[in-house]
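Participant: The following block contains the structure, expressed as structure tokens.
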Amino acid sequence: MPEALVKALDELTVAWQDAMADEAFVSEFERVLRDYAGTPSRLYHAERLSRQVGARVLLKREDLNHTGAHKIRNVMGQALLTKRMGKTRVIAETGAGQHGVASATAAAWFDLDCTVYMGAVDTRRQALNVARMQLLGAKVVPVESGSATLKDAINEALRDWVASVDHTAYLFGTAAGPHPFPSMVRDFCRGIGDEAREQCLEQYGVLPDAVAACVGGGSNAIGLFTAFLEDEGVEIHGFEPGGDGVETGRHAATIHAGEAGVLHGARTYVLQDEDGQTVESHSISAGLDYPGVGPQHSWLAAMGRATYTPVTDRQAMDAMALLSRTEGIIPAIESAHAVAGALDVARRLGEEKGPDATVIINLSGRGDKDMGTAIEWFGLGDAEGEAEPVVATAPGEEA
């Protein structure tokens, strides 16, 4: 981290710890999430998917939150903290745009100036979310350097923060980066898992056999996993972006194929070359296209408490079609990675334990923003009906 940010990070650490120990702050955070963001999100039994895999599949519907993703939990907490610290401006980075939209939304609601940095490549593949941020009053800055994706957007946001730290807060979008961001983001997102655990016990009288989420930086995943870490009978699965396939080198499967290194102020698994230089990542999902991962996920992988598996672009897009056609739910491509991987887990658990085996999948976001990618991938949008219909297949089945 630049030396100029050390004082700011120390200040943020103290402010965050004081706030979380203040019942008034926690109560206000919970009120904002309930009354404005729409939490708790529902835990939905996906019955048709369940029949296909022979196990009970439950979807944690974070896509139904205000702004359409789990990101609103994190930014409302950080924006509330910004107001408490007396700062008047926020900056954010975004990949898929979900965090950018959530940050712009929080800034509008809390009356804060807002600037969002976004890789130029991502501004093109997520044009709808760029427009949403602008309508909400945020300034969107396309970043042309490097691979023009999430990593480079973070670099530019950090440069801005160095120059404006006296009146600006950085709303970090994932459970990565320097302390206290990984822990702070985890705390603001942990309601996902707390709610899911309580809802599963209320609705079925048992804990799930497994929980699953997609992992880029890992905010939605750590938000889900944290509630189940002490439950030894619950398997924890993270699904990383396998891109074109790990063997091709075009992927972002950081834990599966990375090595220990330092990226954006955190020691974690990083995709890097033989000289220790960070290499470009690839994923069809802008939100997962990051060569690092939150350090808590690296720790969970190293100690064996969680399993992280790559899911390719094609597997994710097949899962996107499958969930759309079987349950009438169009997931974000990020979430589709979790669906693709988790259905294989559900099939295995169904064979081992029967149809009451239960898997919770965190549906971290909705797929509206990804329709441009879906139109191109599936060849949709032919009003004359000449395009072939999308064939939806479950994992392990041939189309």
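Residue numbering restarts at 1 in every chain; chains get A, B, ... in the order shown in the structure tokens, and ligands count up from 1 in that same order.
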If you run DSSP on this backbone, which residues of range 56-155 of chain A come out as alpha helix (DSSP H), and could you give them as a ChimeraX atom specification?
Facilitator: /A:71-85,98-110,120-125,127-135,150-155
Participant: Dump C-alpha atoms for the selected residues as a JSON list (two decimals), in the first residue's frame?
Facilitator:
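The result, written out as out02.json:
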```json
[["chain", "number", "residue", "atom", "x", "y", "z"],
["A", 71, "LYS", "CA", -23.56, -5.99, -2.96],
["A", 72, "ILE", "CA", -26.14, -3.67, -1.42],
["A", 73, "ARG", "CA", -25.44, -5.13, 2.04],
["A", 74, "ASN", "CA", -21.77, -4.19, 1.92],
["A", 75, "VAL", "CA", -22.14, -0.70, 0.49],
["A", 76, "MET", "CA", -24.95, 0.36, 2.82],
["A", 77, "GLY", "CA", -22.71, -0.60, 5.74],
["A", 78, "GLN", "CA", -19.68, 1.21, 4.33],
["A", 79, "ALA", "CA", -21.72, 4.28, 3.34],
["A", 80, "LEU", "CA", -23.26, 4.46, 6.80],
["A", 81, "LEU", "CA", -19.74, 4.31, 8.21],
["A", 82, "THR", "CA", -18.67, 7.09, 5.81],
["A", 83, "LYS", "CA", -21.37, 9.39, 7.18],
["A", 84, "ARG", "CA", -20.31, 8.50, 10.73],
["A", 85, "MET", "CA", -16.72, 9.47, 9.85],
["A", 98, "GLN", "CA", -23.18, -4.59, -9.50],
["A", 99, "HIS", "CA", -20.95, -3.02, -6.86],
["A", 100, "GLY", "CA", -20.84, 0.22, -8.83],
["A", 101, "VAL", "CA", -24.63, 0.40, -9.03],
["A", 102, "ALA", "CA", -24.93, -0.44, -5.34],
["A", 103, "SER", "CA", -22.34, 2.25, -4.48],
["A", 104, "ALA", "CA", -24.09, 4.85, -6.63],
["A", 105, "THR", "CA", -27.38, 3.89, -5.00],
["A", 106, "ALA", "CA", -25.97, 4.22, -1.48],
["A", 107, "ALA", "CA", -24.35, 7.54, -2.38],
["A", 108, "ALA", "CA", -27.66, 8.89, -3.67],
["A", 109, "TRP", "CA", -29.50, 7.70, -0.55],
["A", 110, "PHE", "CA", -26.88, 9.09, 1.85],
["A", 120, "ALA", "CA", -12.94, 0.05, -20.20],
["A", 121, "VAL", "CA", -13.54, -3.54, -21.30],
["A", 122, "ASP", "CA", -16.13, -3.91, -18.56],
["A", 123, "THR", "CA", -17.86, -0.63, -19.44],
["A", 124, "ARG", "CA", -18.55, -2.10, -22.87],
["A", 125, "ARG", "CA", -19.81, -5.50, -21.71],
["A", 127, "ALA", "CA", -23.16, -0.84, -20.59],
["A", 128, "LEU", "CA", -26.55, -1.13, -18.88],
["A", 129, "ASN", "CA", -24.98, -0.84, -15.45],
["A", 130, "VAL", "CA", -22.89, 2.15, -16.58],
["A", 131, "ALA", "CA", -26.12, 3.92, -17.53],
["A", 132, "ARG", "CA", -27.70, 2.98, -14.20],
["A", 133, "MET", "CA", -24.76, 4.45, -12.27],
["A", 134, "GLN", "CA", -24.91, 7.65, -14.28],
["A", 135, "LEU", "CA", -28.67, 7.99, -13.76],
["A", 150, "LEU", "CA", -11.33, -5.06, -12.41],
["A", 151, "LYS", "CA", -7.67, -5.21, -11.28],
["A", 152, "ASP", "CA", -6.90, -2.02, -13.17],
["A", 153, "ALA", "CA", -10.03, -0.30, -11.85],
["A", 154, "ILE", "CA", -8.83, -1.01, -8.30],
["A", 155, "ASN", "CA", -5.41, 0.47, -9.14]]
```
Participant: Excluding range 44-59 of chain A and residues on its chain fewer than 5 positions from it, collect all residues at most 9 Å away from it, counting only C-alpha atoms, and give them as number ranges by chain.
Facilitator: A: 200, 322-323, 326-327, 342-344, 346-351, 353-363, 394-395
Participant: Might you pull out every residue within 9 Å of Val215 in chain A, with only C-alpha atoms counted and same-chain residues fewer than 6 positions away left off, and present them as a PyMOL selection string?
Facilitator: chain A and resi 221-222+238-241+253+288+293-294+297+308+334+337-338
Participant: Taking the DSSP secondary structure from the backbone, can you list the residues of range 153-233 of chain A that are strand (DSSP E), as a list in words?
Facilitator: Thr168, Ala169, Tyr170, Ala210, Val211, Ala212, Ala213 and Cys214 of chain A
Participant: Write the residues of the selection above to a file with all heavy atoms, as an mmCIF file, in the first residue's frame.
Facilitator:
```cif
data_model
loop_
_atom_site.group_PDB
_atom_site.id
_atom_site.type_symbol
_atom_site.label_atom_id
_atom_site.label_comp_id
_atom_site.auth_asym_id
_atom_site.auth_seq_id
_atom_site.Cartn_x
_atom_site.Cartn_y
_atom_site.Cartn_z
ATOM 1 N N THR A 168 -12.598 11.654 1.390
ATOM 2 C CA THR A 168 -13.149 10.569 0.565
ATOM 3 C C THR A 168 -13.005 9.222 1.260
ATOM 4 O O THR A 168 -11.951 8.917 1.827
ATOM 5 C CB THR A 168 -12.431 10.511 -0.798
ATOM 6 O OG1 THR A 168 -12.664 11.732 -1.493
ATOM 7 C CG2 THR A 168 -12.916 9.354 -1.638
ATOM 8 N N ALA A 169 -14.050 8.413 1.173
ATOM 9 C CA ALA A 169 -13.994 7.014 1.637
ATOM 10 C C ALA A 169 -14.004 6.097 0.420
ATOM 11 O O ALA A 169 -14.694 6.378 -0.567
ATOM 12 C CB ALA A 169 -15.185 6.701 2.533
ATOM 13 N N TYR A 170 -13.249 5.019 0.498
ATOM 14 C CA TYR A 170 -13.198 4.033 -0.579
ATOM 15 C C TYR A 170 -14.141 2.889 -0.209
ATOM 16 O O TYR A 170 -13.875 2.153 0.735
ATOM 17 C CB TYR A 170 -11.761 3.540 -0.754
ATOM 18 C CG TYR A 170 -11.542 2.586 -1.919
ATOM 19 C CD1 TYR A 170 -10.267 2.126 -2.223
ATOM 20 C CD2 TYR A 170 -12.579 2.136 -2.735
ATOM 21 C CE1 TYR A 170 -10.027 1.255 -3.287
ATOM 22 C CE2 TYR A 170 -12.384 1.276 -3.783
ATOM 23 C CZ TYR A 170 -11.098 0.836 -4.058
ATOM 24 O OH TYR A 170 -10.891 -0.035 -5.096
ATOM 25 N N ALA A 210 -24.501 -29.022 2.422
ATOM 26 C CA ALA A 210 -23.452 -28.246 1.750
ATOM 27 C C ALA A 210 -23.968 -26.855 1.441
ATOM 28 O O ALA A 210 -25.173 -26.642 1.258
ATOM 29 C CB ALA A 210 -23.020 -28.938 0.446
ATOM 30 N N VAL A 211 -23.053 -25.896 1.397
ATOM 31 C CA VAL A 211 -23.360 -24.540 0.930
ATOM 32 C C VAL A 211 -22.376 -24.218 -0.190
ATOM 33 O O VAL A 211 -21.241 -24.725 -0.197
ATOM 34 C CB VAL A 211 -23.263 -23.493 2.056
ATOM 35 C CG1 VAL A 211 -24.327 -23.757 3.112
ATOM 36 C CG2 VAL A 211 -21.878 -23.465 2.687
ATOM 37 N N ALA A 212 -22.821 -23.368 -1.125
ATOM 38 C CA ALA A 212 -21.997 -23.109 -2.306
ATOM 39 C C ALA A 212 -22.172 -21.678 -2.782
ATOM 40 O O ALA A 212 -23.266 -21.106 -2.675
ATOM 41 C CB ALA A 212 -22.373 -24.075 -3.437
ATOM 42 N N ALA A 213 -21.094 -21.121 -3.321
ATOM 43 C CA ALA A 213 -21.135 -19.764 -3.861
ATOM 44 C C ALA A 213 -20.023 -19.612 -4.886
ATOM 45 O O ALA A 213 -19.032 -20.352 -4.867
ATOM 46 C CB ALA A 213 -20.965 -18.732 -2.741
ATOM 47 N N CYS A 214 -20.179 -18.639 -5.774
ATOM 48 C CA CYS A 214 -19.097 -18.295 -6.698
ATOM 49 C C CYS A 214 -18.046 -17.471 -5.949
ATOM 50 O O CYS A 214 -18.345 -16.806 -4.956
ATOM 51 C CB CYS A 214 -19.630 -17.519 -7.891
ATOM 52 S SG CYS A 214 -20.351 -15.902 -7.477
#
```
Participant: What's the 10 Å shell around Gly223 in chain A, counting only C-alpha atoms, without same-chain residues fewer than 5 positions away, as a count of residues only?
Facilitator: 17
Participant: Considering only C-alpha atoms, can you say which of A:Arg159, A:Arg314, A:Arg197, A:Arg305 comes closest to Asp244 in chain A?
Facilitator: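 Going through A:Arg159, A:Arg314, A:Arg197, A:Arg305 one by one, the smallest distance to Asp244 in chain A is for A:Arg314.
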Participant: Kindly give the distance, in Å, that separates CA of Arg325 in chain A and CA of Ala196 in chain A, rounded to a single decimal.
Facilitator: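 A separation of 24.6 Å between them.
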Participant: Could you produce a table of the residues of range 165-251 of chain A lying within 8 Å of range 262-271 of chain A, with the nearest pair of atoms per residue and their separation in Å rounded to one decimal, using only C-alpha atoms, ordered by chain and increasing residue number, as JSON lines?
Facilitator:
```
{"residue": "A:Ala176", "atom": "CA", "partner": "A:Ala266", "partner_atom": "CA", "distance": 6.9}
{"residue": "A:Gly177", "atom": "CA", "partner": "A:His264", "partner_atom": "CA", "distance": 5.0}
{"residue": "A:Pro178", "atom": "CA", "partner": "A:Gly265", "partner_atom": "CA", "distance": 4.4}
{"residue": "A:His179", "atom": "CA", "partner": "A:Ala266", "partner_atom": "CA", "distance": 7.5}
```
Participant: Generate the output file for the selected residues, all heavy atoms, as a JSON list (two decimals), in the first residue's frame.
Facilitator:
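Heads up, here's the output in out.json:
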```json
[["chain", "number", "residue", "atom", "x", "y", "z"],
["A", 176, "ALA", "N", -11.39, -8.44, -0.34],
["A", 176, "ALA", "CA", -9.96, -8.48, -0.66],
["A", 176, "ALA", "C", -9.35, -7.13, -0.27],
["A", 176, "ALA", "O", -9.95, -6.36, 0.45],
["A", 176, "ALA", "CB", -9.76, -8.79, -2.14],
["A", 177, "GLY", "N", -8.13, -6.88, -0.77],
["A", 177, "GLY", "CA", -7.48, -5.61, -0.47],
["A", 177, "GLY", "C", -6.89, -5.59, 0.94],
["A", 177, "GLY", "O", -6.85, -6.60, 1.64],
["A", 178, "PRO", "N", -6.40, -4.41, 1.35],
["A", 178, "PRO", "CA", -5.70, -4.31, 2.63],
["A", 178, "PRO", "C", -6.67, -4.34, 3.82],
["A", 178, "PRO", "O", -7.85, -3.97, 3.68],
["A", 178, "PRO", "CB", -5.01, -2.94, 2.53],
["A", 178, "PRO", "CG", -5.92, -2.14, 1.64],
["A", 178, "PRO", "CD", -6.44, -3.11, 0.62],
["A", 179, "HIS", "N", -6.16, -4.73, 4.96],
["A", 179, "HIS", "CA", -6.94, -4.66, 6.19],
["A", 179, "HIS", "C", -7.35, -3.20, 6.44],
["A", 179, "HIS", "O", -6.54, -2.31, 6.23],
["A", 179, "HIS", "CB", -6.09, -5.17, 7.37],
["A", 179, "HIS", "CG", -6.80, -5.13, 8.69],
["A", 179, "HIS", "ND1", -7.82, -6.00, 9.00],
["A", 179, "HIS", "CD2", -6.65, -4.31, 9.76],
["A", 179, "HIS", "CE1", -8.26, -5.72, 10.22],
["A", 179, "HIS", "NE2", -7.58, -4.71, 10.70]]
```
Participant: Which distance in Å separates CA of Glu3 in chain A and CA of Pro180 in chain A, to one decimal?
Facilitator: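 That distance, rounded to one decimal, is 15.8 Å.
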Participant: Restricting the calculation to only C-alpha atoms, which member of A:Val116, A:Val26, A:Leu158, A:Val141 is positioned closest to Ala4 in chain A?
Facilitator: A:Leu158
Participant: For a quick check of understanding, using only C-alpha atoms, which of A:Ser281, A:Ser364, A:Thr174, A:Thr149 has the smallest distance to Ser219 in chain A?
Facilitator: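 Ranking A:Ser281, A:Ser364, A:Thr174, A:Thr149 by distance to Ser219 in chain A, first place goes to A:Thr174.
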Participant: By how many Å are CA of Thr88 in chain A and CA of Glu11 in chain A apart?
Facilitator: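 So the answer is 15.8 Å.
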